[in-house]
file model-v1.txt (compact mmCIF, C-alpha atoms)
# COMPACT_ATOMS: atom_id res chain seq x y z
CA LEU H 156 -20.06 32.03 -1.36
CA LEU H 157 -17.87 30.45 1.28
CA PHE H 158 -19.30 27.05 0.44
CA LEU H 159 -18.76 27.54 -3.29
CA SER H 160 -15.22 28.72 -2.68
CA SER H 161 -14.56 25.67 -0.54
CA CYS H 162 -15.85 23.36 -3.27
CA VAL H 163 -13.74 25.06 -5.94
CA ASN H 164 -10.62 24.79 -3.78
CA MET H 165 -11.35 21.14 -3.03
CA GLY H 166 -11.78 20.39 -6.73
CA CYS H 167 -8.48 22.14 -7.44
CA GLN H 168 -6.73 20.11 -4.73
CA GLU H 169 -8.10 16.87 -6.18
CA HIS H 170 -6.96 17.86 -9.67
CA LEU H 171 -3.45 18.68 -8.43
CA LEU H 172 -3.29 15.40 -6.50
CA VAL H 173 -4.35 13.34 -9.51
CA GLU H 174 -1.85 15.13 -11.73
CA LYS H 175 0.96 14.52 -9.25
CA VAL H 176 0.05 10.84 -8.88
CA CYS H 177 -0.04 10.43 -12.66
CA ASP H 178 3.35 12.15 -12.97
CA ILE H 179 4.90 9.82 -10.39
CA TYR H 180 3.32 6.84 -12.16
CA GLU H 181 4.95 7.88 -15.44
CA GLN H 182 8.33 7.94 -13.72
CA ILE H 183 7.82 4.59 -11.99
CA SER H 184 6.56 2.91 -15.17
CA LYS H 185 9.81 3.82 -16.96
CA LEU H 186 12.06 2.14 -14.38
CA GLU H 187 14.05 -0.88 -15.55
CA ASN H 188 13.04 -2.76 -12.40
CA LEU H 189 11.50 -2.14 -8.98
CA ASN H 190 14.26 -3.62 -6.86
CA PRO H 191 15.03 -1.48 -3.78
CA SER H 192 17.39 1.40 -4.61
CA ASN H 193 17.66 5.05 -3.67
CA HIS H 194 15.80 6.15 -6.81
CA VAL H 195 13.04 3.53 -6.53
CA ASN H 196 12.61 4.20 -2.81
CA SER H 197 12.45 7.96 -3.44
CA LEU H 198 9.69 7.65 -6.04
CA PHE H 199 7.52 5.38 -3.92
CA THR H 200 8.09 7.60 -0.88
CA GLN H 201 6.86 10.57 -2.93
CA LEU H 202 3.82 8.56 -3.98
CA VAL H 203 2.95 7.51 -0.43
CA LEU H 204 3.42 11.03 0.94
CA THR H 205 1.15 12.36 -1.81
CA CYS H 206 -1.61 9.86 -1.04
CA MET H 207 -1.46 9.73 2.75
CA PRO H 208 -3.10 13.07 3.77
CA PRO H 209 -6.89 12.79 4.23
CA CYS H 210 -8.65 13.55 0.96
CA PRO H 211 -12.34 13.02 0.06
CA ILE H 212 -11.52 12.04 -3.53
CA ASP H 213 -13.70 9.24 -4.96
CA VAL H 214 -11.47 7.25 -7.32
CA SER H 215 -14.47 5.45 -8.83
CA LYS H 216 -15.56 8.75 -10.41
CA LEU H 217 -12.25 9.53 -12.10
CA SER H 218 -11.76 9.43 -15.88
CA ASN H 219 -11.11 6.13 -17.67
CA ARG H 220 -7.50 7.20 -18.27
CA VAL H 221 -6.88 7.81 -14.57
CA GLN H 222 -8.72 4.60 -13.64
CA GLU H 223 -6.38 2.66 -15.92
CA ILE H 224 -3.33 4.38 -14.40
CA ARG H 225 -4.62 3.58 -10.91
CA SER H 226 -4.99 -0.13 -11.75
CA LYS H 227 -1.46 -0.27 -13.14
CA LEU H 228 -0.09 1.72 -10.21
CA ILE H 229 -1.61 -0.67 -7.64
CA LYS H 230 0.10 -3.59 -9.41
CA LEU H 231 3.43 -1.73 -9.46
CA CYS H 232 3.05 -0.90 -5.75
CA GLY H 233 2.34 -4.54 -5.00
CA GLU H 234 5.39 -5.69 -6.96
CA ALA H 235 7.64 -3.10 -5.32
CA GLU H 236 6.33 -3.96 -1.85
CA GLY H 237 7.02 -7.65 -2.48
CA LEU H 238 10.58 -6.93 -3.62
CA LEU H 239 11.21 -4.67 -0.63
CA GLU H 240 9.94 -7.29 1.80
CA SER H 241 11.97 -10.01 0.09
CA HIS H 242 15.12 -7.89 0.29
CA PHE H 243 14.72 -7.19 3.99
CA SER H 244 13.64 -10.75 4.79
CA THR H 245 16.91 -11.98 3.30
CA LEU H 246 18.85 -9.39 5.27
CA ILE H 247 17.08 -10.07 8.57
CA GLY H 248 17.22 -13.82 8.02
CA SER H 249 21.03 -13.67 7.74
CA TYR H 250 21.30 -12.94 11.47
CA GLU H 251 21.56 -15.62 14.13
CA ASN H 252 18.34 -14.45 15.81
CA PRO H 253 16.28 -12.89 13.01
CA ILE H 254 13.30 -11.97 15.23
CA ASN H 255 15.54 -9.55 17.15
CA HIS H 256 16.25 -7.61 13.95
CA LEU H 257 12.75 -7.03 12.53
CA THR H 258 13.16 -3.32 13.24
CA PHE H 259 15.54 -3.12 10.28
CA PHE H 260 12.48 -3.05 8.03
CA PRO H 261 11.80 0.66 7.37
CA TYR H 262 8.02 0.37 7.88
CA TYR H 263 8.16 -1.84 10.96
CA SER H 264 6.58 0.84 13.18
CA ASN H 265 3.58 1.01 10.81
CA TYR H 266 2.98 -2.70 11.32
CA ILE H 267 3.25 -2.30 15.07
CA LYS H 268 0.47 0.31 14.94
CA LEU H 269 -1.64 -1.67 12.48
CA SER H 270 -1.38 -4.91 14.46
CA HIS H 271 -2.28 -3.10 17.68
CA LEU H 272 -5.27 -1.49 15.98
CA GLU H 273 -6.55 -4.79 14.59
CA PHE H 274 -5.95 -6.72 17.81
CA THR H 275 -7.76 -4.03 19.83
CA MET H 276 -10.67 -4.06 17.40
CA LEU H 277 -10.97 -7.84 17.60
CA SER H 278 -10.58 -8.12 21.36
CA LYS H 279 -13.09 -5.33 22.05
CA HIS H 280 -15.83 -6.43 19.71
CA CYS H 281 -15.28 -9.99 18.60
CA PHE H 282 -13.74 -12.42 21.07
CA THR H 283 -13.42 -12.71 24.84
CA GLN H 284 -10.47 -15.10 24.77
CA PRO H 285 -7.58 -15.45 22.31
CA PRO H 286 -8.29 -17.60 19.25
CA ASN H 287 -6.56 -20.95 19.07
CA ARG H 288 -5.88 -20.77 15.36
CA VAL H 289 -5.45 -17.82 12.98
CA ALA H 290 -4.87 -17.87 9.22
CA PHE H 291 -3.12 -15.14 7.28
CA VAL H 292 -3.71 -15.23 3.52
CA GLY H 293 -0.93 -13.63 1.46
CA SER H 294 1.71 -13.60 4.20
CA GLY H 295 4.71 -13.01 1.91
CA PRO H 296 8.43 -13.27 2.68
CA LEU H 297 8.21 -10.93 5.70
CA PRO H 298 4.98 -11.84 7.56
CA LEU H 299 5.11 -8.95 10.01
CA THR H 300 1.45 -9.01 11.02
CA SER H 301 1.63 -12.66 12.04
CA LEU H 302 5.00 -12.18 13.75
CA ILE H 303 3.89 -9.13 15.75
CA LEU H 304 0.53 -10.59 16.73
CA ALA H 305 2.17 -13.86 17.80
CA SER H 306 4.95 -12.10 19.73
CA HIS H 307 3.01 -9.28 21.40
CA HIS H 308 -0.73 -9.93 21.41
CA LEU H 309 -1.70 -13.57 20.79
CA LYS H 310 1.04 -15.43 22.61
CA THR H 311 -0.60 -18.86 22.62
CA THR H 312 -2.26 -18.76 19.19
CA PHE H 313 -1.14 -20.90 16.25
CA PHE H 314 -0.65 -19.00 12.99
CA HIS H 315 -1.10 -20.64 9.60
CA ASN H 316 0.36 -18.45 6.86
CA TYR H 317 -0.63 -19.02 3.24
CA ASP H 318 1.29 -17.78 0.22
CA ILE H 319 1.41 -18.96 -3.37
CA ASP H 320 5.16 -18.25 -3.67
CA PRO H 321 7.45 -21.03 -2.34
CA LEU H 322 10.46 -18.68 -2.13
CA ALA H 323 8.46 -16.23 -0.01
CA ASN H 324 7.54 -19.02 2.40
CA SER H 325 11.09 -20.34 2.64
CA LYS H 326 12.34 -16.85 3.52
CA ALA H 327 9.57 -16.39 6.08
CA LEU H 328 10.29 -19.77 7.65
CA ARG H 329 13.94 -18.81 8.04
CA LEU H 330 12.87 -15.93 10.29
CA VAL H 331 11.23 -18.17 12.91
CA SER H 332 12.99 -21.54 12.54
CA SER H 333 15.53 -20.78 15.31
CA HIS H 334 13.03 -19.20 17.69
CA PRO H 335 12.07 -21.56 20.56
CA ASP H 336 8.43 -20.39 20.71
CA LEU H 337 7.46 -19.04 17.28
CA SER H 338 8.93 -22.04 15.47
CA LYS H 339 6.25 -24.17 17.17
CA ARG H 340 3.35 -21.80 16.48
CA MET H 341 4.04 -20.41 13.00
CA PHE H 342 3.32 -22.59 9.96
CA PHE H 343 3.76 -21.78 6.27
CA HIS H 344 1.71 -23.32 3.47
CA THR H 345 2.61 -22.89 -0.20
CA THR H 346 -0.70 -23.01 -2.03
CA ASP H 347 -3.35 -20.95 -3.76
CA ILE H 348 -5.94 -20.10 -1.10
CA MET H 349 -8.65 -20.97 -3.65
CA ASN H 350 -7.55 -24.59 -3.22
CA VAL H 351 -7.84 -24.52 0.59
CA THR H 352 -11.15 -25.72 2.00
CA ASP H 353 -11.31 -27.91 5.13
CA ASN H 354 -8.33 -26.25 6.85
CA LEU H 355 -10.14 -22.91 6.80
CA LYS H 356 -12.89 -24.37 8.98
CA GLU H 357 -10.39 -24.79 11.82
CA CYS H 358 -9.53 -21.07 12.03
CA GLU H 359 -11.43 -18.68 14.28
CA VAL H 360 -9.90 -15.64 12.52
CA VAL H 361 -8.70 -15.19 8.94
CA PHE H 362 -6.70 -12.16 7.79
CA LEU H 363 -6.73 -11.31 4.09
CA ALA H 364 -3.72 -9.26 2.95
CA ALA H 365 -4.53 -6.07 1.03
CA LEU H 366 -2.66 -7.22 -2.07
CA VAL H 367 -4.38 -10.60 -2.43
CA GLY H 368 -6.75 -10.16 -5.35
CA MET H 369 -5.43 -7.12 -7.20
CA SER H 370 -8.67 -6.46 -9.11
CA ARG H 371 -12.12 -6.06 -7.59
CA ARG H 372 -13.34 -9.24 -9.30
CA LYS H 373 -10.43 -11.37 -8.11
CA LYS H 374 -10.69 -10.09 -4.54
CA ALA H 375 -14.44 -10.70 -4.53
CA ASN H 376 -13.80 -14.28 -5.70
CA VAL H 377 -11.33 -14.85 -2.83
CA ILE H 378 -13.74 -13.38 -0.27
CA ASP H 379 -16.56 -15.52 -1.66
CA HIS H 380 -14.36 -18.64 -1.37
CA LEU H 381 -13.43 -17.82 2.22
CA GLY H 382 -17.07 -17.25 3.09
CA LYS H 383 -18.03 -20.67 1.74
CA HIS H 384 -15.33 -22.56 3.66
CA MET H 385 -14.74 -20.68 6.92
CA ALA H 386 -16.52 -21.96 10.03
CA PRO H 387 -19.81 -20.33 11.04
CA GLY H 388 -19.05 -17.46 13.40
CA ALA H 389 -15.41 -17.18 12.30
CA LEU H 390 -14.08 -13.68 11.69
CA LEU H 391 -12.59 -12.27 8.50
CA VAL H 392 -10.28 -9.25 8.77
CA LEU H 393 -10.06 -7.26 5.53
CA ARG H 394 -7.84 -4.32 4.66
CA SER H 395 -9.16 -1.73 2.26
CA ALA H 396 -8.27 1.84 1.28
CA HIS H 397 -10.13 5.13 1.03
CA GLY H 398 -9.52 8.56 -0.44
CA ALA H 399 -6.21 9.00 -2.26
CA ARG H 400 -4.84 5.83 -0.64
CA ALA H 401 -6.94 3.98 -3.20
CA PHE H 402 -4.12 4.76 -5.65
CA LEU H 403 -1.91 2.45 -3.56
CA TYR H 404 -4.18 -0.43 -2.58
CA PRO H 405 -7.36 -2.12 -3.84
CA VAL H 406 -10.66 -0.91 -2.40
CA ILE H 407 -13.15 -3.39 -0.95
CA ASP H 408 -16.79 -2.59 -1.63
CA PRO H 409 -19.14 -3.85 1.12
CA CYS H 410 -21.43 -5.29 -1.58
CA ASP H 411 -18.62 -7.73 -2.45
CA ILE H 412 -18.86 -9.34 1.00
CA GLN H 413 -22.06 -11.29 0.43
CA GLU H 414 -21.06 -14.36 2.43
CA PHE H 415 -20.47 -12.41 5.65
CA GLU H 416 -22.46 -10.40 8.16

call {"tool": "encode", "arguments": {"input": "model-v1.txt", "output": "structure tokens"}}
result
Amino acid sequence: LLFLSSCVNMGCQEHLLVEKVCDIYEQISKLENLNPSNHVNSLFTQLVLTCMPPCPIDVSKLSNRVQEIRSKLIKLCGEAEGLLESHFSTLIGSYENPINHLTFFPYYSNYIKLSHLEFTMLSKHCFTQPPNRVAFVGSGPLPLTSLILASHHLKTTFFHNYDIDPLANSKALRLVSSHPDLSKRMFFHTTDIMNVTDNLKECEVVFLAALVGMSRRKKANVIDHLGKHMAPGALLVLRSAHGARAFLYPVIDPCDIQEFE
């Protein structure tokens, strides 16, 4: 009876969560634009707080209606995140020493934790000495992972950042151009990663941003391309999502990583 009660309660919690996510989606989808504002920020904060607590929900088993909402919501989250980063990159880049003002970004502490987690994982299990060259695919206008890794963890490594948006790269370059060290180790390439081949072979580690490849098929195509052109033994760092966080970011299925061990 206790087990059955637990299952019923869990099912009720999942139903309430899905309903709340769908309600927030309806509100977000009616916005005129997703530029940072108090109202936009409030809605996305509600969404994140709803999806952050651990939840065993399997989004692949949800109804077609909810699956469609999830796909649209991930795209809206990606667009809003890009606009937020662009806004703060412009703000931070207006200072004489932009690197000293990265903390203005409201989620900076999250990136500090994430970068530390990924660096620790790599250094414990994957390499004994710092890599000479790292690529970050989908770096955007505020490439915090590259900046934090280069500043705090990989202080001799060269970072090659790839983004398809020339404006994003110009804003990112503005952040490091006046820095005596990072300006010599951070490079920005405006191109579709699907067109990059030989340069990938020179990187010991490649990071793939969560929002590169918004659908499962597109992400699988990018991963397949990387697998074909990265050097043997090179490491690919992927970011996925689980539980309710799958309403915010695409999920990577291990079966889509055929080119890698």

call {"tool": "closest_residue", "arguments": {"input": "model-v1.txt", "among": "H:Asp336, H:Glu174, H:Glu169, H:Glu251", "to": "H:Val221", "atoms": "all atoms listed in the file"}}
result
H:Glu174

call {"tool": "closest_residue", "arguments": {"input": "model-v1.txt", "among": "H:Glu359, H:Asn265, H:His307, H:Leu366", "to": "H:Gly295", "atoms": "only C-alpha atoms"}}
result
H:Leu366

call {"tool": "closest_residue", "arguments": {"input": "model-v1.txt", "among": "H:Ala375, H:Phe343, H:Asp408, H:Leu330", "to": "H:Asn252", "atoms": "all atoms listed in the file"}}
result
H:Leu330

call {"tool": "residues_around", "arguments": {"input": "model-v1.txt", "residues": "H:Ile224", "least_positions_apart": "4", "cutoff": "12 Å", "atoms": "only C-alpha atoms", "output": "ChimeraX atom specification"}}
result
/H:173-174,176-181,183-184,214,217-220,228-232,401-403

call {"tool": "closest_residue", "arguments": {"input": "model-v1.txt", "among": "H:Gly388, H:Pro335, H:Gly237, H:Pro409", "to": "H:Cys281", "atoms": "all atoms listed in the file"}}
result
H:Gly388

call {"tool": "atom_distance", "arguments": {"input": "model-v1.txt", "atom1": "atom CA of H:Pro191", "atom2": "atom CA of H:Ser325"}}
result
20.3 Å

call {"tool": "build_atoms", "arguments": {"input": "model-v1.txt", "residues": "stretch 251-274 of chain H", "atoms": "N, CA, C and O atoms", "output": "compact mmCIF listing (two decimals), in the frame of the given file"}}
result
# COMPACT_ATOMS: atom_id res chain seq x y z
N GLU H 251 21.73 -14.41 13.33
CA GLU H 251 21.56 -15.62 14.13
C GLU H 251 20.17 -15.67 14.76
O GLU H 251 19.54 -16.73 14.81
N ASN H 252 19.69 -14.54 15.23
CA ASN H 252 18.34 -14.45 15.81
C ASN H 252 17.53 -13.42 15.03
O ASN H 252 17.42 -12.26 15.44
N PRO H 253 16.94 -13.85 13.91
CA PRO H 253 16.28 -12.89 13.01
C PRO H 253 15.18 -12.06 13.69
O PRO H 253 15.03 -10.87 13.39
N ILE H 254 14.43 -12.67 14.60
CA ILE H 254 13.30 -11.97 15.23
C ILE H 254 13.77 -10.71 15.96
O ILE H 254 13.02 -9.73 16.08
N ASN H 255 15.01 -10.71 16.43
CA ASN H 255 15.54 -9.55 17.15
C ASN H 255 15.92 -8.40 16.22
O ASN H 255 16.32 -7.33 16.69
N HIS H 256 15.81 -8.63 14.91
CA HIS H 256 16.25 -7.61 13.95
C HIS H 256 15.12 -7.17 13.01
O HIS H 256 15.39 -6.55 11.98
N LEU H 257 13.89 -7.43 13.37
CA LEU H 257 12.75 -7.03 12.53
C LEU H 257 12.68 -5.52 12.35
O LEU H 257 12.15 -5.03 11.35
N THR H 258 13.21 -4.78 13.31
CA THR H 258 13.16 -3.32 13.24
C THR H 258 13.99 -2.75 12.09
O THR H 258 13.88 -1.55 11.78
N PHE H 259 14.80 -3.58 11.45
CA PHE H 259 15.54 -3.12 10.28
C PHE H 259 14.59 -2.73 9.14
O PHE H 259 14.94 -1.90 8.30
N PHE H 260 13.43 -3.36 9.11
CA PHE H 260 12.48 -3.05 8.03
C PHE H 260 11.98 -1.62 8.22
O PHE H 260 11.51 -1.25 9.29
N PRO H 261 12.07 -0.78 7.19
CA PRO H 261 11.80 0.66 7.37
C PRO H 261 10.37 0.99 7.79
O PRO H 261 10.12 2.05 8.36
N TYR H 262 9.42 0.10 7.52
CA TYR H 262 8.02 0.37 7.88
C TYR H 262 7.55 -0.49 9.05
O TYR H 262 6.35 -0.67 9.24
N TYR H 263 8.49 -0.98 9.83
CA TYR H 263 8.16 -1.84 10.96
C TYR H 263 7.19 -1.16 11.93
O TYR H 263 6.22 -1.76 12.40
N SER H 264 7.43 0.13 12.22
CA SER H 264 6.58 0.84 13.18
C SER H 264 5.14 0.93 12.68
O SER H 264 4.19 0.93 13.48
N ASN H 265 4.94 1.00 11.35
CA ASN H 265 3.58 1.01 10.81
C ASN H 265 2.86 -0.29 11.13
O ASN H 265 1.66 -0.29 11.46
N TYR H 266 3.58 -1.40 11.03
CA TYR H 266 2.98 -2.70 11.32
C TYR H 266 2.69 -2.87 12.81
O TYR H 266 1.71 -3.52 13.18
N ILE H 267 3.52 -2.29 13.63
CA ILE H 267 3.25 -2.30 15.07
C ILE H 267 1.91 -1.61 15.35
O ILE H 267 1.06 -2.13 16.09
N LYS H 268 1.72 -0.45 14.74
CA LYS H 268 0.47 0.31 14.94
C LYS H 268 -0.72 -0.43 14.34
O LYS H 268 -1.80 -0.50 14.96
N LEU H 269 -0.55 -0.97 13.15
CA LEU H 269 -1.64 -1.67 12.48
C LEU H 269 -2.05 -2.91 13.26
O LEU H 269 -3.25 -3.17 13.46
N SER H 270 -1.08 -3.69 13.71
CA SER H 270 -1.38 -4.91 14.46
C SER H 270 -2.08 -4.59 15.77
O SER H 270 -3.01 -5.29 16.18
N HIS H 271 -1.64 -3.52 16.43
CA HIS H 271 -2.28 -3.10 17.68
C HIS H 271 -3.73 -2.67 17.42
O HIS H 271 -4.64 -3.02 18.18
N LEU H 272 -3.94 -1.93 16.34
CA LEU H 272 -5.27 -1.49 15.98
C LEU H 272 -6.19 -2.69 15.72
O LEU H 272 -7.32 -2.75 16.24
N GLU H 273 -5.72 -3.64 14.94
CA GLU H 273 -6.55 -4.79 14.59
C GLU H 273 -6.80 -5.70 15.79
O GLU H 273 -7.91 -6.21 15.98
N PHE H 274 -5.77 -5.91 16.61
CA PHE H 274 -5.95 -6.72 17.81
C PHE H 274 -6.96 -6.07 18.76
O PHE H 274 -7.83 -6.73 19.32
